[in-house]
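> coords.csv is reproduced in full below (CSV, C-alpha atoms).
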chain,number,residue,atom,x,y,z
S,1,ARG,CA,89.4,30.9,-66.7
S,2,ARG,CA,89.7,27.6,-68.6
S,3,GLU,CA,93.0,26.7,-66.8
S,4,ASP,CA,91.3,27.5,-63.4
S,5,GLU,CA,88.5,25.1,-64.3
S,6,LYS,CA,91.0,22.4,-65.3
S,7,ARG,CA,92.9,22.8,-62.0
S,8,ALA,CA,89.7,22.7,-60.0
S,9,ARG,CA,88.5,19.5,-61.7
S,10,ARG,CA,91.9,17.8,-61.2
S,11,LYS,CA,91.9,18.7,-57.5
S,12,VAL,CA,88.4,17.2,-57.1
S,13,MET,CA,89.4,14.0,-59.0
S,14,GLU,CA,92.7,13.6,-57.1
S,15,GLY,CA,90.8,13.7,-53.8
S,16,ALA,CA,88.0,11.4,-54.9
S,17,ASP,CA,87.5,8.0,-53.4
S,18,VAL,CA,85.1,7.0,-56.1
S,19,VAL,CA,85.0,8.1,-59.7
S,20,CYS,CA,82.1,7.2,-61.9
S,21,CYS,CA,82.4,7.6,-65.7
S,22,THR,CA,81.6,5.9,-69.0
S,23,LEU,CA,84.1,3.5,-70.5
S,24,SER,CA,85.0,6.1,-73.2
S,25,GLY,CA,85.3,8.9,-70.6
S,26,ALA,CA,87.7,6.8,-68.5
S,27,SER,CA,90.8,8.1,-70.4
S,28,THR,CA,90.0,11.6,-69.4
S,29,ALA,CA,89.3,10.6,-65.8
S,30,ILE,CA,92.6,8.7,-65.7
S,31,LYS,CA,94.5,11.8,-66.9
S,32,MET,CA,92.8,14.0,-64.3
S,33,CYS,CA,93.8,11.7,-61.5
S,34,SER,CA,97.5,12.2,-62.3
S,35,GLY,CA,98.4,8.6,-61.9
S,36,ALA,CA,96.9,8.2,-58.4
S,37,PRO,CA,96.6,4.4,-57.6
S,38,LEU,CA,93.3,2.8,-58.5
S,39,LYS,CA,92.4,0.1,-56.1
S,40,THR,CA,89.2,-1.2,-57.8
S,41,LEU,CA,87.7,-0.8,-61.2
S,42,VAL,CA,84.1,-1.7,-61.5
S,43,VAL,CA,82.6,-2.1,-65.0
S,44,ASP,CA,78.8,-2.3,-65.2
S,45,GLU,CA,77.1,-4.0,-68.2
S,46,ALA,CA,80.5,-5.5,-69.0
S,47,ALA,CA,78.9,-8.2,-71.2
S,48,GLN,CA,77.5,-5.5,-73.5
S,49,CYS,CA,80.6,-3.6,-74.5
S,50,VAL,CA,83.3,-4.7,-76.9
S,51,GLU,CA,86.5,-5.8,-75.4
S,52,ALA,CA,88.5,-2.8,-76.6
S,53,SER,CA,86.2,-0.5,-74.6
S,54,CYS,CA,87.1,-2.2,-71.4
S,55,LEU,CA,90.8,-1.7,-72.1
S,56,VAL,CA,90.4,2.1,-71.7
S,57,PRO,CA,89.9,2.1,-67.9
S,58,LEU,CA,92.3,-0.9,-67.5
S,59,GLN,CA,95.1,1.5,-68.5
S,60,ALA,CA,94.9,2.9,-64.9
S,61,SER,CA,96.3,-0.5,-63.8
S,62,PRO,CA,93.8,-1.2,-61.0
S,63,ASP,CA,94.6,-3.6,-58.3
S,64,ARG,CA,91.5,-5.5,-59.1
S,65,CYS,CA,88.7,-5.4,-61.8
S,66,ILE,CA,85.1,-6.4,-61.2
S,67,LEU,CA,83.0,-7.0,-64.2
S,68,PHE,CA,79.2,-6.9,-63.8
S,69,GLY,CA,77.1,-8.2,-66.7
S,70,ASP,CA,74.9,-10.9,-68.1
S,71,PRO,CA,76.1,-12.5,-71.3
S,72,LYS,CA,72.6,-14.0,-71.7
S,73,GLN,CA,71.1,-10.6,-72.3
S,74,LEU,CA,72.4,-8.0,-74.8
S,75,PRO,CA,75.7,-9.0,-76.4
S,76,ALA,CA,78.5,-6.7,-77.3
S,77,THR,CA,77.3,-4.8,-80.3
S,78,THR,CA,79.0,-4.2,-83.6
S,79,PHE,CA,77.5,-3.5,-87.0
S,80,SER,CA,80.2,-5.0,-89.2
S,81,LYS,CA,80.3,-8.6,-90.4
S,82,GLU,CA,84.1,-8.3,-90.6
S,83,ALA,CA,84.2,-7.3,-86.9
S,84,GLY,CA,82.2,-10.4,-86.0
S,85,ALA,CA,84.5,-12.6,-88.1
S,86,THR,CA,87.5,-11.4,-86.1
S,87,ARG,CA,85.6,-11.8,-82.8
S,88,TYR,CA,85.7,-8.0,-82.2
S,89,ASP,CA,82.0,-8.5,-81.2
S,90,ARG,CA,83.1,-10.3,-78.0
S,91,SER,CA,83.2,-8.7,-74.6
S,92,LEU,CA,86.0,-9.0,-72.2
S,93,PHE,CA,83.5,-10.6,-69.9
S,94,GLU,CA,82.8,-13.3,-72.5
S,95,ARG,CA,86.5,-13.8,-73.3
S,96,LEU,CA,87.3,-14.4,-69.6
S,97,GLN,CA,84.5,-16.8,-69.2
S,98,GLN,CA,85.6,-18.8,-72.3
S,99,ALA,CA,89.2,-18.8,-70.8
S,100,GLY,CA,87.9,-20.6,-67.7
S,101,HIS,CA,87.5,-17.7,-65.3
S,102,SER,CA,84.5,-18.3,-63.0
S,103,ALA,CA,81.5,-16.0,-63.0
S,104,HIS,CA,79.1,-15.7,-60.1
S,105,VAL,CA,75.6,-16.0,-61.3
S,106,LEU,CA,73.0,-14.0,-59.3
S,107,THR,CA,69.9,-16.1,-59.2
S,108,VAL,CA,67.6,-14.0,-57.0
S,109,GLN,CA,65.7,-11.2,-58.8
S,110,TYR,CA,63.7,-8.4,-57.4
S,111,ARG,CA,62.4,-6.5,-60.4
S,112,MET,CA,60.0,-8.7,-62.2
S,113,HIS,CA,56.6,-10.2,-61.3
S,114,PRO,CA,57.1,-14.0,-60.8
S,115,GLN,CA,54.9,-14.7,-63.9
S,116,VAL,CA,57.2,-12.4,-66.0
S,117,ARG,CA,60.4,-14.0,-64.5
S,118,GLN,CA,59.3,-17.5,-65.3
S,119,PHE,CA,60.0,-17.3,-69.1
S,120,PRO,CA,63.6,-16.1,-68.9
S,121,SER,CA,64.3,-18.4,-66.0
S,122,ASP,CA,63.1,-21.4,-67.9
S,123,HIS,CA,64.5,-20.5,-71.4
S,124,PHE,CA,67.8,-18.8,-70.6
S,125,TYR,CA,68.8,-19.7,-67.0
S,126,SER,CA,67.9,-23.4,-66.7
S,127,GLY,CA,65.2,-22.6,-64.2
S,128,LEU,CA,67.7,-21.0,-61.7
S,129,LEU,CA,66.0,-17.6,-61.2
S,130,THR,CA,64.1,-17.2,-58.0
S,131,ASP,CA,62.1,-14.3,-56.6
S,132,GLY,CA,63.3,-12.1,-53.8
S,133,ARG,CA,61.0,-10.0,-51.7
S,134,GLY,CA,59.0,-7.7,-53.9
S,135,GLU,CA,55.7,-6.0,-54.3
S,136,TRP,CA,54.3,-8.5,-56.7
S,137,ASP,CA,50.6,-8.2,-55.7
S,138,ALA,CA,50.0,-4.7,-56.9
S,139,PRO,CA,46.3,-3.8,-56.4
S,140,TRP,CA,45.8,-3.3,-60.1
S,141,HIS,CA,46.7,-6.9,-60.9
S,142,SER,CA,43.3,-8.1,-59.6
S,143,ASP,CA,41.7,-6.1,-62.4
S,144,PRO,CA,41.5,-8.3,-65.5
S,145,LEU,CA,42.6,-5.4,-67.7
S,146,PHE,CA,45.9,-5.1,-65.9
S,147,PRO,CA,47.4,-8.6,-65.3
S,148,PRO,CA,51.2,-9.0,-64.8
S,149,ILE,CA,51.4,-10.3,-68.4
S,150,ILE,CA,49.2,-9.7,-71.4
S,151,MET,CA,49.7,-10.9,-74.9
S,152,PHE,CA,48.3,-9.5,-78.1
S,153,ASP,CA,47.9,-11.5,-81.3
S,154,VAL,CA,49.2,-9.2,-84.0
S,155,ARG,CA,49.0,-11.8,-86.8
S,156,GLY,CA,47.6,-10.1,-89.8
S,157,GLY,CA,48.8,-6.7,-88.7
S,158,ALA,CA,50.6,-4.3,-90.9
S,159,HIS,CA,54.1,-2.9,-90.6
S,160,GLU,CA,54.8,0.6,-91.8
S,161,ARG,CA,58.1,2.3,-92.3
S,162,GLY,CA,58.4,6.1,-92.3
S,163,GLY,CA,60.5,8.2,-94.6
S,164,GLY,CA,64.2,7.9,-94.4
S,165,GLY,CA,64.2,4.4,-93.0
S,166,ALA,CA,63.1,5.5,-89.5
S,167,SER,CA,60.1,4.1,-87.7
S,168,PRO,CA,57.0,6.4,-87.8
Starting from the file, lay out its structure as structure tokens.

Amino acid sequence: RREDEKRARRKVMEGADVVCCTLSGASTAIKMCSGAPLKTLVVDEAAQCVEASCLVPLQASPDRCILFGDPKQLPATTFSKEAGATRYDRSLFERLQQAGHSAHVLTVQYRMHPQVRQFPSDHFYSGLLTDGRGEWDAPWHSDPLFPPIIMFDVRGGAHERGGGGASP
């Protein structure tokens, strides 16, 4: 039964035009495709993964590799100071940018209300972000209790930590 399942998966993978997987799962996907040529590799959130993680799917020797990501958002994450000292905390996306490869910056955003978009645009993107078509004027925004942005002053508040170092 187990061998039948493996053969069925391999057959599906070999006939696939598109394979979606995690970076760590890519080695299994590559094996299942039995060396079939890979035309394009697309890595989403490529600025958030360490460079070594991107090397896994690159073993398939794609004709081209497209990295999507935003190095101004979450960086590649490691929890070791030694890793940071050796630049293991750098993504392939960041390395390629530092080596002079061009990156195309998408400047039109569709997710945030313009009042929410203004801060990151001004502070991280040199004012480059603009708004695409969106449903910004939601009916509840006219209610003073539900504006697009609301801030709470928490000075003087208390922070509590639950047992075992986890948040309560």
> Would you mind telling me which residue in S:Ser102, S:Gln59, S:Thr40, S:Thr86 lies nearest to Val18 (chain S) when using all atoms listed in the file?
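Residue with the minimum atom-to-atom distance to Val18 (chain S): S:Thr40.
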> Neighbours of region 78-80 of chain S within 10 Å (all atoms listed in the file; same-chain residues fewer than 2 positions away dropped), as an MDAnalysis selection string?
chainID S and resid 49:50 75:76 82:85 88:90
> Kindly indicate which residue among S:Asp131, S:Glu14, S:Glu94, S:Asp4 lies nearest to Ala46 (chain S), using only C-alpha atoms for the distances.
S:Glu94
> Using all atoms listed in the file, which protein or nucleic acid residues come within 12 Å of Tyr125 (chain S)? Drop anything in the same chain fewer than 2 positions from it, and give the result as an MDAnalysis selection string.
chainID S and resid 70:73 105:108 117:123 127:130
> When you look at Lys39 (chain S) with a cut-off of 12 Å (counting only C-alpha atoms), what residues show up, excluding the ones that are within fewer than 5 positions of it in the same chain? I need them as a VMD selection string.
chain S and resid 17 to 19 58 60 to 66
> Could you state the separation of CA of Ala29 (chain S) and CA of Met13 (chain S) in Å, given to one decimal place?
7.6 Å
> Interatomic distance between CA of Gln98 (chain S) and CA of Ser53 (chain S)?
18.5 Å
> Could you list, as a list in words, every residue within 12 Å of His101 (chain S), counting only C-alpha atoms and ignoring same-chain residues fewer than 6 positions away?
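The residues that qualify are Leu67, Leu92, Phe93, Glu94 and Arg95 of chain S.
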> In Å to one decimal, how far is CA of Pro114 (chain S) from CA of Pro147 (chain S)?
12.0 Å
> When distances are computed from all atoms listed in the file, which of S:Ala16, S:Cys54, S:Ala138, S:Val116 shows the smallest separation from Met151 (chain S)?
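Using all atoms listed in the file, Met151 (chain S) sits closest to S:Val116.
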> May I have the protein, DNA and RNA residues with any atom at most 10 Å from the point (83.7, 4.8, -67.0), counting all atoms listed in the file, written as a list in words?
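The distance filter leaves exactly Val19, Cys20, Cys21, Thr22, Leu23, Ser24, Gly25, Ala26, Ser27, Thr28, Ala29, Ile30, Leu41, Val42, Val43, Asp44, Ser53, Cys54, Val56 and Pro57 of chain S.
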